[in-house]
Amino acid sequence: MILYAGLDSTVIRLAHLEDVSTLHEVKPSDNGFKTEGVKDADMVLLGPSVTDPVRKIQHIYAADKHISIVLLSPVTQVKQIKDALRFAPFIGRNTTVVTLAPETDLKTVCRNAMLRTKQKRGFHRLKIDPASMQGPVERVKLAQMGTFLEYAPIGALLLSESDQIVNFNQKAKKLFPALQKLDVELTTLLPNAIAKQVKEFIHSEHHPEAKLEIAAGQNWLELSTVQVHNEEGVPHYLILLNDVTHEKLESKRIESILESLPQMAFTTDTEGKATYFTKGWYFYTGQTAGEPLGEGWASVVLPEDLSKVTEHWKRSLESGKPYQHVARYRNTKGEYRWHLARVAPVRDNANQIILWVGTCTDIHDQILLTEELERRVKERTYALEMSNSELEQFAHVSSHDLQEPLRKIRTFADLLKESAYDEINESARRYIDKITSTAERMSNSLRSLLQYTRLDSEKSAVPVDVNEVVKHVTQDLELLITQKKATVETENLPVIQAVPIQIQQLFYNLVNNALKFSKADEPPLIRITARDTEPETILSFPELNTFKNYVTITVSDNGIGFEQQHAEKIFSIFQRLHPKTAYEGSGIGLSIVKKVVKNHGGVITVSSQPGKGTTFEMILPM
């Protein structure tokens, strides 16, 4: 039987463990596992929602010293929990800490744990006569530290209920040369004031992970404590002493460097709690010494900016990636000024984050200048829009006025062919056909030009499913696709914020272009795919906003291709790489494509080789 607590179906699929053994849940609110329940079980499985797991494991150990315990922990807490168990007397050897991850083979872990329980209980039931064993047999006292802790690189003191030091390890003896015997008071090692501070910390209600930093001679020690019980149930206090002198000196060095910076600077611990601020911060904000530590700094951030600041900061702490954000900070006059905060992690040799270092740079004047520039740009944009509107009206009128004589040219040419077709010679017939086709091309060019000038008039962007757009485009081009026996494949197409009619024009022109410039002896294959755009790619295009997410949509074909040196030329209006007689069209389709991409704040590139097809890549905002 497996006893478990602190797990639910959202954390792990418990049904999978029913193949291993029967399951019995112990409520996390239970103050301990009942002796008879533990005795009947083969192992105990503790989940991440169990509070104070070390104490819970002590209760289980008191009920049965031989039962195996598996503790599931998030990856961010594994090291901390292992350290706590490693230096906890009596219980660490029975417990296995396992990372809670999808790839964890929990069935195998549980089977091994149950086997260990069976082996320990079987060995305990064997009756061994000490007299038959070679050499003397010494009873191991529970007050002893154990071999592992004795030579651990961290200091350890074991205190009785009366705060007497009943045991210590080698590292503690090095930290305190005065520690030569047992049953001595803490005041033998520490000044009265610090000893009193330590005692208050030991006996106070505090979080199991809480730490106290003290000065001991030339050293700085980080102290943590846990209550343990011996076999008779008498409580003891295990004090773990980590020498952080090097880290403290390194921190002082970092603080000296930060003080020399012109910006306000600070440091935080691994949990994001502020531990130090330069004098510049106190001078700017007017906060008193110690006031901004922890999360006290948040009181100077404009309330409407604070939620975004904490959201971005939390995201960086979880990912370990540098933080960058702008917000308004209050100065001593009560004014809020814009600041750019940048925070980066500092890692040790094992690539573990040990602290964060950050700066706050006043960019208020730059923001105001930017706003003024934006205001001027808006004014110029408005004037340009008015000019464009007039130009569009002119283009519309011109197009309409020019279309009328073209229609008449085509009409009279058709009438001439119908009425005098048999009377005119072959050369005259050819001239009439040229007049008709030229007038038709000019009419198409005028319509395309009018369409091009209207692209900027559509402003309302809405969520657009690119899958639906491509579906409609292939329906519009169904006849041409069938005639050429073409195949259009799509993959991972997203939903983007865009102007629907413009995106329709974009894909229509790209697919139509691929069909038009296909090989005569090979059916066209057009592939349209999408992928997330990497940050490095975004940085390589100055036109893109580094704070936005982009998608890269690729349209590739196996057509005739072209020389790469003409890559920019193909996007120019009315530019053609082939004679008008070889391929139909106005020469404006790819100009529309580029303008649509630009209208949406994106970029487009093209790569091609003669005879090997063409690939268009569009980077568009999500």
# chains A, B, ... in the order shown; residues from 1 in each chain; ligands from 1
>>> residues_around(residues="Gly6 in chain A", least_positions_apart="2", cutoff="9 Å", atoms="only C-alpha atoms", output="PyMOL selection string")
chain A and resi 4+8+25-28+45-51
>>> residues_around(residues="Lys273 in chain A", least_positions_apart="6", cutoff="8 Å", atoms="only C-alpha atoms", output="PyMOL selection string")
chain A and resi 293-295
>>> closest_residue(among="A:Asp19, A:Glu379, A:Asp52, A:Glu543", to="Pro208 in chain A", atoms="only C-alpha atoms")
A:Asp52
>>> closest_residue(among="A:Val469, A:Ile538, A:Ala486, A:Ala498", to="Lys598 in chain A", atoms="only C-alpha atoms")
A:Ala498
>>> closest_residue(among="A:Ala350, A:Cys360, A:Val462, A:Ala520", to="Gln263 in chain A", atoms="only C-alpha atoms")
A:Cys360
>>> residues_around(residues="range 602-612 of chain A", least_positions_apart="6", cutoff="6 Å", atoms="only C-alpha atoms", output="PDB file with N, CA and C atoms, in the first residue's frame")
ATOM      1  N   ASN A 558       8.099  25.856 -56.351  1.00  0.00           N
ATOM      2  CA  ASN A 558       9.125  25.150 -57.137  1.00  0.00           C
ATOM      3  C   ASN A 558       9.155  25.662 -58.571  1.00  0.00           C
ATOM      4  N   ILE A 560      10.016  28.803 -61.656  1.00  0.00           N
ATOM      5  CA  ILE A 560      11.175  29.092 -62.506  1.00  0.00           C
ATOM      6  C   ILE A 560      12.250  29.875 -61.768  1.00  0.00           C
ATOM      7  N   GLY A 561      11.879  30.600 -60.693  1.00  0.00           N
ATOM      8  CA  GLY A 561      12.855  31.351 -59.915  1.00  0.00           C
ATOM      9  C   GLY A 561      13.449  32.515 -60.682  1.00  0.00           C
ATOM     10  N   PHE A 562      14.459  33.169 -60.057  1.00  0.00           N
ATOM     11  CA  PHE A 562      15.151  34.286 -60.710  1.00  0.00           C
ATOM     12  C   PHE A 562      16.491  34.491 -60.017  1.00  0.00           C
ATOM     13  N   GLU A 563      17.327  35.324 -60.592  1.00  0.00           N
ATOM     14  CA  GLU A 563      18.623  35.637 -60.009  1.00  0.00           C
ATOM     15  C   GLU A 563      18.422  36.468 -58.729  1.00  0.00           C
ATOM     16  N   GLN A 564      19.154  36.131 -57.655  1.00  0.00           N
ATOM     17  CA  GLN A 564      18.977  36.806 -56.379  1.00  0.00           C
ATOM     18  C   GLN A 564      19.272  38.300 -56.456  1.00  0.00           C
ATOM     19  N   MET A 618       7.645  36.494 -44.689  1.00  0.00           N
ATOM     20  CA  MET A 618       7.033  37.706 -44.134  1.00  0.00           C
ATOM     21  C   MET A 618       7.040  37.618 -42.616  1.00  0.00           C
ATOM     22  N   ILE A 619       7.582  38.630 -41.970  1.00  0.00           N
ATOM     23  CA  ILE A 619       7.583  38.705 -40.504  1.00  0.00           C
ATOM     24  C   ILE A 619       6.507  39.709 -40.107  1.00  0.00           C
ATOM     25  N   LEU A 620       5.454  39.203 -39.469  1.00  0.00           N
ATOM     26  CA  LEU A 620       4.295  40.027 -39.123  1.00  0.00           C
ATOM     27  C   LEU A 620       4.035  39.962 -37.616  1.00  0.00           C
TER      28      LEU A 620
END
>>> residues_around(residues="Phe547 in chain A", least_positions_apart="5", cutoff="12 Å", atoms="only C-alpha atoms", output="number ranges by chain")
A: 324-326, 535, 538-539, 621-622
>>> write_last_selection(atoms="C-alpha atoms", output="JSON list (two decimals), in the first residue's frame")
[["chain", "number", "residue", "atom", "x", "y", "z"],
["A", 324, "GLN", "CA", 13.82, 45.41, -18.56],
["A", 325, "HIS", "CA", 10.81, 47.66, -18.07],
["A", 326, "VAL", "CA", 9.85, 51.34, -17.84],
["A", 535, "PRO", "CA", 14.47, 37.34, -30.87],
["A", 538, "ILE", "CA", 13.77, 40.52, -34.74],
["A", 539, "LEU", "CA", 16.89, 42.41, -33.65],
["A", 621, "PRO", "CA", 3.18, 41.01, -35.58],
["A", 622, "MET", "CA", 1.13, 38.38, -33.77]]
